[in-house]
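*Asks:* Just start-v5.cif, nothing more (mmCIF, C-alpha atoms (C1' of nucleotides)):
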```
data_start
#
loop_
_atom_site.label_atom_id
_atom_site.label_comp_id
_atom_site.auth_asym_id
_atom_site.auth_seq_id
_atom_site.Cartn_x
_atom_site.Cartn_y
_atom_site.Cartn_z
CA MET P 1 12.69 -15.26 -7.29
CA GLY P 2 14.62 -15.22 -10.28
CA ARG P 3 14.90 -11.79 -11.36
CA ARG P 4 16.87 -12.28 -14.50
CA LYS P 5 20.19 -10.50 -14.26
CA ALA P 6 20.74 -8.57 -17.37
CA ASN P 7 23.12 -9.83 -19.86
CA PRO P 8 24.39 -6.60 -21.43
CA ASP P 9 23.42 -7.80 -24.79
CA SER P 10 19.99 -8.95 -23.96
CA PRO P 11 18.46 -6.51 -21.53
CA ALA P 12 15.24 -7.85 -20.03
CA ALA P 13 12.69 -7.39 -22.77
CA PRO P 14 10.17 -4.60 -22.24
CA TYR P 15 6.54 -5.65 -22.05
CA VAL P 16 3.06 -4.26 -21.60
CA ARG P 17 0.48 -5.23 -18.99
CA VAL P 18 -3.18 -4.37 -18.68
CA LYS P 19 -5.00 -4.11 -15.38
CA LEU P 20 -8.71 -3.91 -14.76
CA HIS P 21 -9.45 -1.69 -11.77
CA ILE P 22 -12.74 -2.36 -10.12
CA ALA P 23 -13.93 -1.22 -6.73
CA GLU P 24 -10.69 -0.85 -4.79
CA ASP P 25 -9.23 -3.90 -6.44
CA ALA P 26 -7.11 -4.41 -9.54
CA VAL P 27 -7.17 -7.54 -11.65
CA GLY P 28 -4.14 -8.21 -13.83
CA PRO P 29 -2.26 -11.19 -15.22
CA GLY P 30 -1.46 -12.49 -11.73
CA LYS P 31 -5.01 -12.92 -10.47
CA ILE P 32 -6.14 -14.22 -13.85
CA ASP P 33 -3.45 -16.90 -13.75
CA LEU P 34 -4.57 -17.78 -10.25
CA LEU P 35 -8.09 -18.31 -11.54
CA ARG P 36 -6.77 -20.55 -14.30
CA PHE P 37 -4.91 -22.70 -11.77
CA ILE P 38 -7.92 -22.91 -9.51
CA GLU P 39 -9.90 -24.18 -12.46
CA THR P 40 -7.37 -26.80 -13.51
CA GLU P 41 -6.29 -27.84 -10.02
CA GLY P 42 -9.68 -27.83 -8.35
CA GLY P 43 -8.70 -25.87 -5.25
CA ILE P 44 -7.06 -22.81 -3.81
CA SER P 45 -4.27 -24.70 -2.03
CA ALA P 46 -3.25 -26.61 -5.12
CA ALA P 47 -3.36 -23.43 -7.20
CA ALA P 48 -1.26 -21.62 -4.63
CA ARG P 49 1.33 -24.38 -4.65
CA ARG P 50 1.48 -24.27 -8.43
CA MET P 51 2.04 -20.52 -8.41
CA GLY P 52 4.59 -20.62 -5.63
CA VAL P 53 2.62 -18.40 -3.26
CA THR P 54 1.20 -19.13 0.16
CA TYR P 55 -2.35 -20.37 0.57
CA ARG P 56 -2.86 -17.31 2.76
CA ARG P 57 -2.10 -14.99 -0.09
CA ALA P 58 -3.99 -16.92 -2.76
CA TRP P 59 -7.05 -16.98 -0.57
CA HIS P 60 -6.81 -13.26 0.00
CA LEU P 61 -6.57 -12.57 -3.74
CA VAL P 62 -9.68 -14.65 -4.35
CA ASP P 63 -11.49 -12.93 -1.51
CA THR P 64 -10.77 -9.44 -2.82
CA MET P 65 -11.89 -10.45 -6.31
CA ASN P 66 -15.12 -11.88 -5.00
CA SER P 67 -15.98 -8.73 -3.13
CA ALA P 68 -14.82 -6.45 -5.91
CA PHE P 69 -17.29 -8.05 -8.30
CA GLY P 70 -20.11 -8.19 -5.82
CA ASN P 71 -20.68 -11.73 -6.97
CA PRO P 72 -18.21 -14.58 -6.42
CA VAL P 73 -15.82 -15.54 -9.19
CA VAL P 74 -14.79 -18.59 -7.16
CA GLU P 75 -16.97 -20.81 -5.02
CA THR P 76 -15.50 -23.03 -2.35
CA ALA P 77 -16.42 -26.17 -0.45
CA VAL P 78 -15.01 -26.88 2.98
CA GLY P 79 -14.63 -30.43 4.27
CA GLY P 80 -15.79 -33.51 2.48
CA ASP P 81 -14.23 -35.47 -0.31
CA GLY P 82 -10.59 -34.52 -0.57
CA GLY P 83 -11.08 -32.03 2.22
CA GLY P 84 -12.88 -29.57 0.08
CA GLY P 85 -12.01 -27.53 -2.97
CA ALA P 86 -12.80 -24.55 -5.13
CA ARG P 87 -14.30 -24.03 -8.57
CA LEU P 88 -14.81 -21.07 -10.83
CA THR P 89 -18.29 -19.69 -11.13
CA PRO P 90 -19.65 -18.85 -14.59
CA LEU P 91 -18.72 -15.25 -13.76
CA GLY P 92 -15.15 -16.33 -13.10
CA ARG P 93 -14.93 -18.14 -16.40
CA GLU P 94 -16.36 -15.14 -18.22
CA LEU P 95 -13.77 -12.94 -16.55
CA ILE P 96 -10.91 -15.06 -17.84
CA ALA P 97 -12.40 -15.17 -21.32
CA ASN P 98 -12.96 -11.42 -21.45
CA TYR P 99 -9.53 -10.63 -20.08
CA ASP P 100 -7.93 -12.91 -22.65
CA GLU P 101 -9.94 -11.31 -25.40
CA LEU P 102 -8.84 -7.85 -24.30
CA ASN P 103 -5.22 -8.93 -24.41
CA ALA P 104 -5.61 -10.46 -27.83
CA ARG P 105 -7.17 -7.29 -29.19
CA ILE P 106 -4.52 -4.96 -27.82
CA GLU P 107 -1.62 -7.13 -28.91
CA PRO P 108 -0.93 -5.36 -32.22
CA ALA P 109 -0.87 -1.92 -30.62
CA ALA P 110 1.32 -3.19 -27.79
CA ARG P 111 3.72 -4.76 -30.24
CA ASP P 112 4.12 -1.48 -32.10
CA LEU P 113 4.91 0.39 -28.90
CA LEU P 114 7.42 -2.21 -27.83
CA GLU P 115 9.07 -2.09 -31.22
CA TRP P 116 9.53 1.66 -30.85
CA VAL P 117 11.02 1.13 -27.40
CA GLU P 118 13.53 -1.36 -28.73
CA GLN P 119 14.47 1.06 -31.49
CA THR P 120 15.13 3.95 -29.13
CA ARG P 121 17.20 1.83 -26.78
CA ALA P 122 19.30 0.54 -29.63
CA ARG P 123 20.42 3.94 -30.81
CA MET J 124 -14.85 -9.01 5.37
CA GLY J 125 -17.44 -7.86 3.13
CA ARG J 126 -16.27 -4.45 2.47
CA ARG J 127 -19.20 -2.57 0.98
CA LYS J 128 -18.58 0.59 -0.88
CA ALA J 129 -19.27 3.66 1.18
CA ASN J 130 -21.55 5.31 -1.30
CA PRO J 131 -23.90 2.86 -3.03
CA ASP J 132 -25.02 5.71 -5.19
CA SER J 133 -21.80 6.26 -7.08
CA PRO J 134 -19.76 3.08 -7.22
CA ALA J 135 -16.37 4.22 -8.44
CA ALA J 136 -16.41 3.42 -12.12
CA PRO J 137 -14.20 0.52 -13.20
CA TYR J 138 -11.37 1.42 -15.55
CA VAL J 139 -8.45 -0.08 -17.40
CA ARG J 140 -4.82 0.96 -17.23
CA VAL J 141 -1.88 0.03 -19.40
CA LYS J 142 1.67 -0.02 -18.13
CA LEU J 143 4.86 -0.22 -20.10
CA HIS J 144 7.48 -2.20 -18.20
CA ILE J 145 10.99 -1.39 -19.19
CA ALA J 146 14.19 -2.26 -17.36
CA GLU J 147 13.03 -2.47 -13.73
CA ASP J 148 10.71 0.48 -14.22
CA ALA J 149 7.07 0.75 -15.19
CA VAL J 150 5.57 3.70 -17.05
CA GLY J 151 1.85 4.21 -16.74
CA PRO J 152 -0.64 7.07 -16.75
CA GLY J 153 0.98 8.67 -13.70
CA LYS J 154 4.44 9.17 -15.12
CA ILE J 155 3.02 10.16 -18.49
CA ASP J 156 0.91 12.86 -16.85
CA LEU J 157 3.98 14.03 -14.99
CA LEU J 158 5.78 14.45 -18.30
CA ARG J 159 2.86 16.44 -19.65
CA PHE J 160 2.96 18.80 -16.68
CA ILE J 161 6.72 19.21 -16.96
CA GLU J 162 6.21 20.22 -20.54
CA THR J 163 3.46 22.74 -19.85
CA GLU J 164 4.84 24.05 -16.57
CA GLY J 165 8.49 24.16 -17.51
CA GLY J 166 9.87 22.50 -14.42
CA ILE J 167 9.74 19.56 -12.06
CA SER J 168 8.67 21.58 -9.01
CA ALA J 169 5.78 23.22 -10.81
CA ALA J 170 4.70 19.88 -12.24
CA ALA J 171 4.88 18.27 -8.80
CA ARG J 172 2.73 21.01 -7.30
CA ARG J 173 0.19 20.57 -10.04
CA MET J 174 0.01 16.84 -9.42
CA GLY J 175 -0.13 17.16 -5.65
CA VAL J 176 3.03 15.16 -5.04
CA THR J 177 6.29 16.19 -3.43
CA TYR J 178 9.16 17.48 -5.53
CA ARG J 179 11.17 14.62 -4.05
CA ARG J 180 8.88 12.07 -5.59
CA ALA J 181 8.46 13.78 -8.93
CA TRP J 182 12.20 14.04 -9.29
CA HIS J 183 12.59 10.38 -8.49
CA LEU J 184 10.02 9.38 -11.08
CA VAL J 185 11.84 11.40 -13.71
CA ASP J 186 15.16 9.93 -12.65
CA THR J 187 13.96 6.34 -12.93
CA MET J 188 12.47 7.01 -16.36
CA ASN J 189 15.68 8.55 -17.59
CA SER J 190 17.72 5.56 -16.52
CA ALA J 191 15.15 3.04 -17.69
CA PHE J 192 15.35 4.44 -21.22
CA GLY J 193 19.09 4.78 -21.23
CA ASN J 194 18.59 8.21 -22.71
CA PRO J 195 16.94 11.12 -20.86
CA VAL J 196 13.27 11.86 -21.42
CA VAL J 197 13.64 15.08 -19.42
CA GLU J 198 16.56 17.48 -19.37
CA THR J 199 17.07 19.92 -16.54
CA ALA J 200 18.81 23.23 -15.91
CA VAL J 201 19.95 24.22 -12.44
CA GLY J 202 20.29 27.85 -11.43
CA GLY J 203 19.80 30.82 -13.69
CA ASP J 204 16.63 32.42 -14.87
CA GLY J 205 13.79 31.44 -12.59
CA GLY J 206 16.16 29.21 -10.66
CA GLY J 207 16.30 26.60 -13.36
CA GLY J 208 13.76 24.32 -14.97
CA ALA J 209 13.14 21.17 -16.94
CA ARG J 210 12.07 20.36 -20.50
CA LEU J 211 11.15 17.23 -22.35
CA THR J 212 13.66 15.81 -24.77
CA PRO J 213 12.47 14.66 -28.20
CA LEU J 214 12.50 11.16 -26.75
CA GLY J 215 10.20 12.32 -23.96
CA ARG J 216 7.76 13.82 -26.43
CA GLU J 217 7.82 10.68 -28.53
CA LEU J 218 7.08 8.63 -25.43
CA ILE J 219 3.97 10.66 -24.67
CA ALA J 220 2.82 10.44 -28.27
CA ASN J 221 3.33 6.69 -28.48
CA TYR J 222 1.69 6.05 -25.14
CA ASP J 223 -1.29 8.15 -26.19
CA GLU J 224 -1.53 6.28 -29.43
CA LEU J 225 -1.47 2.95 -27.62
CA ASN J 226 -4.32 4.07 -25.41
CA ALA J 227 -6.31 5.33 -28.34
CA ARG J 228 -5.95 2.01 -30.15
CA ILE J 229 -6.86 0.06 -27.04
CA GLU J 230 -9.89 2.09 -26.21
CA PRO J 231 -12.52 0.05 -28.09
CA ALA J 232 -11.41 -3.24 -26.55
CA ALA J 233 -11.20 -1.65 -23.11
CA ARG J 234 -14.66 -0.18 -23.49
CA ASP J 235 -16.12 -3.58 -24.33
CA LEU J 236 -14.56 -5.14 -21.25
CA LEU J 237 -15.80 -2.34 -19.02
CA GLU J 238 -19.26 -2.65 -20.46
CA TRP J 239 -19.30 -6.32 -19.56
CA VAL J 240 -18.16 -5.46 -16.04
CA GLU J 241 -20.96 -2.97 -15.60
CA GLN J 242 -23.45 -5.54 -16.83
CA THR J 243 -22.36 -8.17 -14.36
CA ARG J 244 -22.40 -5.78 -11.46
CA ALA J 245 -25.86 -4.56 -12.29
CA ARG J 246 -27.46 -7.98 -12.08
"C1'" DG R 247 -14.93 -41.42 15.80
"C1'" DT R 248 -10.50 -40.64 14.10
"C1'" DG R 249 -7.74 -38.98 10.39
"C1'" DG R 250 -6.55 -36.26 6.48
"C1'" DG R 251 -6.73 -32.48 3.37
"C1'" DT R 252 -8.99 -28.08 2.66
"C1'" DT R 253 -11.10 -23.66 3.53
"C1'" DA R 254 -11.01 -19.61 6.57
"C1'" DT R 255 -8.48 -16.27 9.54
"C1'" DG R 256 -5.53 -14.09 12.94
"C1'" DC R 257 -0.87 -12.53 14.24
"C1'" DC R 258 3.84 -11.03 13.65
"C1'" DA R 259 8.21 -10.00 11.16
"C1'" DC R 260 10.21 -8.04 7.22
"C1'" DA R 261 10.55 -5.59 2.68
"C1'" DT R 262 8.97 -1.94 -0.19
"C1'" DT R 263 7.05 2.50 -0.96
"C1'" DG R 264 5.77 7.15 -0.50
"C1'" DA R 265 5.55 11.34 2.49
"C1'" DG R 266 7.80 14.80 4.83
"C1'" DC R 267 11.77 17.30 6.29
"C1'" DA R 268 16.42 19.00 5.69
"C1'" DT R 269 20.36 20.62 3.11
"C1'" DA R 270 23.55 21.76 -0.48
"C1'" DG R 271 24.73 23.75 -5.04
"C1'" DC R 272 23.67 26.61 -8.91
"C1'" DG R 273 23.36 31.11 -11.44
"C1'" DG R 274 20.69 35.19 -13.34
"C1'" DG R 275 18.61 39.43 -11.47
"C1'" DG R 276 18.04 43.21 -8.25
"C1'" DC G 277 27.22 40.70 -3.65
"C1'" DC G 278 23.33 38.58 -2.07
"C1'" DC G 279 18.74 36.65 -2.81
"C1'" DC G 280 15.44 33.52 -4.82
"C1'" DG G 281 13.64 29.60 -6.94
"C1'" DC G 282 14.86 25.35 -8.68
"C1'" DT G 283 17.55 21.02 -9.16
"C1'" DA G 284 19.71 17.23 -6.60
"C1'" DT G 285 19.92 14.06 -2.82
"C1'" DG G 286 19.98 12.02 1.99
"C1'" DC G 287 17.40 10.48 6.11
"C1'" DT G 288 13.47 9.18 8.86
"C1'" DC G 289 8.69 7.69 9.64
"C1'" DA G 290 4.15 5.76 8.43
"C1'" DA G 291 1.47 2.83 5.54
"C1'" DT G 292 1.04 -1.08 2.98
"C1'" DG G 293 2.09 -5.72 1.05
"C1'" DT G 294 3.95 -10.32 1.58
"C1'" DG G 295 5.69 -14.43 3.87
"C1'" DG G 296 5.54 -17.59 7.32
"C1'" DC G 297 3.50 -19.72 11.16
"C1'" DA G 298 -0.55 -21.20 13.92
"C1'" DT G 299 -5.33 -22.53 14.58
"C1'" DA G 300 -10.19 -23.50 14.06
"C1'" DA G 301 -13.98 -25.56 11.54
"C1'" DC G 302 -15.60 -28.79 8.26
"C1'" DC G 303 -16.91 -33.32 6.37
"C1'" DC G 304 -16.11 -37.59 3.57
"C1'" DA G 305 -13.63 -41.98 4.00
"C1'" DC G 306 -11.96 -45.59 6.61
#
```
Represent the structure of the file as structure tokens.

*Replies:*
Amino acid sequence: MGRRKANPDSPAAPYVRVKLHIAEDAVGPGKIDLLRFIETEGGISAAARRMGVTYRRAWHLVDTMNSAFGNPVVETAVGGDGGGGARLTPLGRELIANYDELNARIEPAARDLLEWVEQTRAR
Amino acid sequence: MGRRKANPDSPAAPYVRVKLHIAEDAVGPGKIDLLRFIETEGGISAAARRMGVTYRRAWHLVDTMNSAFGNPVVETAVGGDGGGGARLTPLGRELIANYDELNARIEPAARDLLEWVEQTRAR
DNA sequence: GTGGGTTATGCCACATTGAGCATAGCGGGG
DNA sequence: CCCCGCTATGCTCAATGTGGCATAACCCAC
């Protein structure tokens, strides 16, 4: 996994991440990206391959999200055309949209904090 | 696997957390609270006791923050009056202030997301 | 009815993390 | 001079997370 080895003059840039904690689970950029891939790829396996994680893990992430929300964010079909597949529910699509909106709204504040960090490290 | 919450009456309220990732370390509410306690209690041990964590761990958290920032956020004194102690540096105080400001600015967006979550779980 | 690709799950090995315990060094106060 | 509380740090053990197989069930297409 390419953890970028720091070039002394460009230390890995600091960044900010937001996580939504809900009923024993936490949804952050990782699970949201997984949902995006499920939507575009049409299945959990394909999404897992795209993200470079095992199907086992991707499935588990989906499962925990589904139970955390009480209602499914992803619905699956086993067997059939193409072997089966998975799609986002309306709830799943809303989740992505709302998470994206949150990130867009916090961006200015995050940028200010990161600017301060860069300043302090420079001196 | 349907893991139902133990107490249907009070479903742990969803919440949002922001983490600042900086040089292999991540600073979130936990480390910020630790800094606050160090400031008010005057030492790492006292702060650790207040937070219900071991001194070992609290010290480690402080140590990783100090190296992540390049400059110390906490300065310590060993031996002497009261056995020693720890204080925030100006950088440490700025960190708390900036983190608090970030959270304050994020609050409206976070509240909207959480409201949506509550809505979806209610139906 | 056989095959292929997918969902659904269990099991085991390994890495990471935090807890708990132990110890050493420090220096002002009694 | 010795004690006490605190900083500093190492080591071990338990819990948890992830990765990598392995397997079963499913169902459309051929």

*Asks:* Got a sec: who's within 9 Å of segment 148-159 of chain J, counting all atoms listed in the file, leaving out chain neighbours fewer than 4 positions off, as a list in words?

*Replies:*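 With the cut-off at 9 Å, the set is Arg140, Val141, Lys142, Leu143, His144, Thr163, Glu164, Ile167, Ala170, Ala171, Met174, Ala181, Leu184, Val185, Thr187, Met188, Ser190, Ala191, Val196, Val197, Arg210, Leu211, Gly215, Arg216, Leu218, Ile219 and Tyr222 of chain J.
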
*Asks:* Could you state which residues are captured by the PyMOL selection byres ((chain G) within 9 of (chain J)) in this file, as a PyMOL selection string?

*Replies:* chain G and resi 280-285

*Asks:* Please expand the PyMOL selection byres ((chain R) within 6 of (chain P)) into the concrete residues it hits in this file, giving the result as a list in words.

*Replies:*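 Residues picked by the PyMOL selection byres ((chain R) within 6 of (chain P)): DG251, DT252 and DT253 of chain R.
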
*Asks:* Written as a PyMOL selection string, what is the full residue list that the PyMOL selection byres ((chain J) within 7 of (chain P)) yields on the file shown?

*Replies:* chain J and resi 125+135+137-146+192-193+221+225+228-229+232-233+236+244

*Asks:* Please, what distance in Å, to one decimal, runs between atom C1' of DT299 of chain G and atom C1' of DC257 of chain R?

*Replies:*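 Interatomic distance here is 11.0 Å.
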
*Asks:* Mind running chain G against segment 259-264 of chain R at 10 Å and telling me each contacting residue's nearest atom pair with the distance in Å (one decimal), counting all atoms listed in the file, chain and number ascending, as CSV?

*Replies:*
```
residue,atom,partner,partner_atom,distance
G:DA290,C1',R:DG264,C1',9.2
G:DA291,C1',R:DT263,C1',8.6
G:DT292,C1',R:DT263,C1',8.0
G:DG293,C1',R:DT262,C1',7.9
G:DT294,C1',R:DA261,C1',8.2
G:DG295,C1',R:DC260,C1',8.5
G:DG296,C1',R:DA259,C1',8.9
```

*Asks:* Tell me, in Å to one decimal, how far atom C1' of DG256 of chain R is from atom C1' of DC304 of chain G.

*Replies:*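 Taking atom C1' of DG256 of chain R and atom C1' of DC304 of chain G, their separation equals 27.4 Å.
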
*Asks:* Can you complete the atoms of segment 29-63 of chain P to N, CA and C atoms and list them as a compact mmCIF listing (two decimals), in the coordinates of the input?

*Replies:*
```
# COMPACT_ATOMS: atom_id res chain seq x y z
N PRO P 29 -2.68 -9.85 -14.82
CA PRO P 29 -2.26 -11.19 -15.22
C PRO P 29 -2.12 -12.15 -14.03
N GLY P 30 -1.67 -11.64 -12.89
CA GLY P 30 -1.46 -12.49 -11.73
C GLY P 30 -2.74 -13.15 -11.24
N LYS P 31 -3.75 -12.36 -10.97
CA LYS P 31 -5.01 -12.92 -10.47
C LYS P 31 -5.68 -13.79 -11.52
N ILE P 32 -5.55 -13.40 -12.79
CA ILE P 32 -6.14 -14.22 -13.85
C ILE P 32 -5.47 -15.59 -13.89
N ASP P 33 -4.16 -15.61 -13.77
CA ASP P 33 -3.45 -16.90 -13.75
C ASP P 33 -3.90 -17.73 -12.55
N LEU P 34 -4.10 -17.07 -11.44
CA LEU P 34 -4.57 -17.78 -10.25
C LEU P 34 -5.91 -18.46 -10.55
N LEU P 35 -6.79 -17.73 -11.19
CA LEU P 35 -8.09 -18.31 -11.54
C LEU P 35 -7.92 -19.53 -12.45
N ARG P 36 -7.02 -19.42 -13.40
CA ARG P 36 -6.77 -20.55 -14.30
C ARG P 36 -6.33 -21.77 -13.50
N PHE P 37 -5.42 -21.57 -12.57
CA PHE P 37 -4.91 -22.70 -11.77
C PHE P 37 -6.00 -23.27 -10.88
N ILE P 38 -6.84 -22.41 -10.34
CA ILE P 38 -7.92 -22.91 -9.51
C ILE P 38 -8.82 -23.82 -10.35
N GLU P 39 -9.06 -23.39 -11.58
CA GLU P 39 -9.90 -24.18 -12.46
C GLU P 39 -9.27 -25.55 -12.75
N THR P 40 -8.00 -25.54 -13.11
CA THR P 40 -7.37 -26.80 -13.51
C THR P 40 -7.02 -27.68 -12.31
N GLU P 41 -6.72 -27.06 -11.17
CA GLU P 41 -6.29 -27.84 -10.02
C GLU P 41 -7.45 -28.22 -9.09
N GLY P 42 -8.52 -27.49 -9.17
CA GLY P 42 -9.68 -27.83 -8.35
C GLY P 42 -9.66 -27.32 -6.92
N GLY P 43 -8.73 -26.42 -6.61
CA GLY P 43 -8.70 -25.87 -5.25
C GLY P 43 -7.74 -24.70 -5.11
N ILE P 44 -7.92 -23.97 -4.03
CA ILE P 44 -7.06 -22.81 -3.81
C ILE P 44 -5.66 -23.24 -3.37
N SER P 45 -5.59 -24.24 -2.50
CA SER P 45 -4.27 -24.70 -2.03
C SER P 45 -3.42 -25.18 -3.18
N ALA P 46 -4.01 -26.06 -4.00
CA ALA P 46 -3.25 -26.61 -5.12
C ALA P 46 -2.80 -25.49 -6.06
N ALA P 47 -3.70 -24.55 -6.32
CA ALA P 47 -3.36 -23.43 -7.20
C ALA P 47 -2.21 -22.62 -6.61
N ALA P 48 -2.30 -22.39 -5.30
CA ALA P 48 -1.26 -21.62 -4.63
C ALA P 48 0.09 -22.32 -4.75
N ARG P 49 0.08 -23.62 -4.53
CA ARG P 49 1.33 -24.38 -4.65
C ARG P 49 1.90 -24.23 -6.06
N ARG P 50 1.03 -24.38 -7.04
CA ARG P 50 1.48 -24.27 -8.43
C ARG P 50 2.08 -22.91 -8.73
N MET P 51 1.55 -21.87 -8.12
CA MET P 51 2.04 -20.52 -8.41
C MET P 51 3.18 -20.11 -7.50
N GLY P 52 3.49 -20.96 -6.52
CA GLY P 52 4.59 -20.62 -5.63
C GLY P 52 4.27 -19.50 -4.67
N VAL P 53 2.99 -19.39 -4.29
CA VAL P 53 2.62 -18.40 -3.26
C VAL P 53 1.96 -19.15 -2.11
N THR P 54 1.80 -18.48 -1.00
CA THR P 54 1.20 -19.13 0.16
C THR P 54 -0.31 -19.25 -0.04
N TYR P 55 -0.90 -20.23 0.64
CA TYR P 55 -2.35 -20.37 0.57
C TYR P 55 -2.97 -19.07 1.08
N ARG P 56 -2.39 -18.56 2.16
CA ARG P 56 -2.86 -17.31 2.76
C ARG P 56 -3.08 -16.22 1.73
N ARG P 57 -2.05 -16.05 0.91
CA ARG P 57 -2.10 -14.99 -0.09
C ARG P 57 -3.11 -15.31 -1.19
N ALA P 58 -3.07 -16.54 -1.70
CA ALA P 58 -3.99 -16.92 -2.76
C ALA P 58 -5.43 -16.72 -2.31
N TRP P 59 -5.70 -17.12 -1.08
CA TRP P 59 -7.05 -16.98 -0.57
C TRP P 59 -7.46 -15.51 -0.53
N HIS P 60 -6.52 -14.68 -0.10
CA HIS P 60 -6.81 -13.26 0.00
C HIS P 60 -7.11 -12.66 -1.38
N LEU P 61 -6.36 -13.07 -2.37
CA LEU P 61 -6.57 -12.57 -3.74
C LEU P 61 -7.97 -12.95 -4.21
N VAL P 62 -8.35 -14.19 -3.96
CA VAL P 62 -9.68 -14.65 -4.35
C VAL P 62 -10.75 -13.85 -3.61
N ASP P 63 -10.52 -13.65 -2.32
CA ASP P 63 -11.49 -12.93 -1.51
C ASP P 63 -11.72 -11.51 -2.02
```
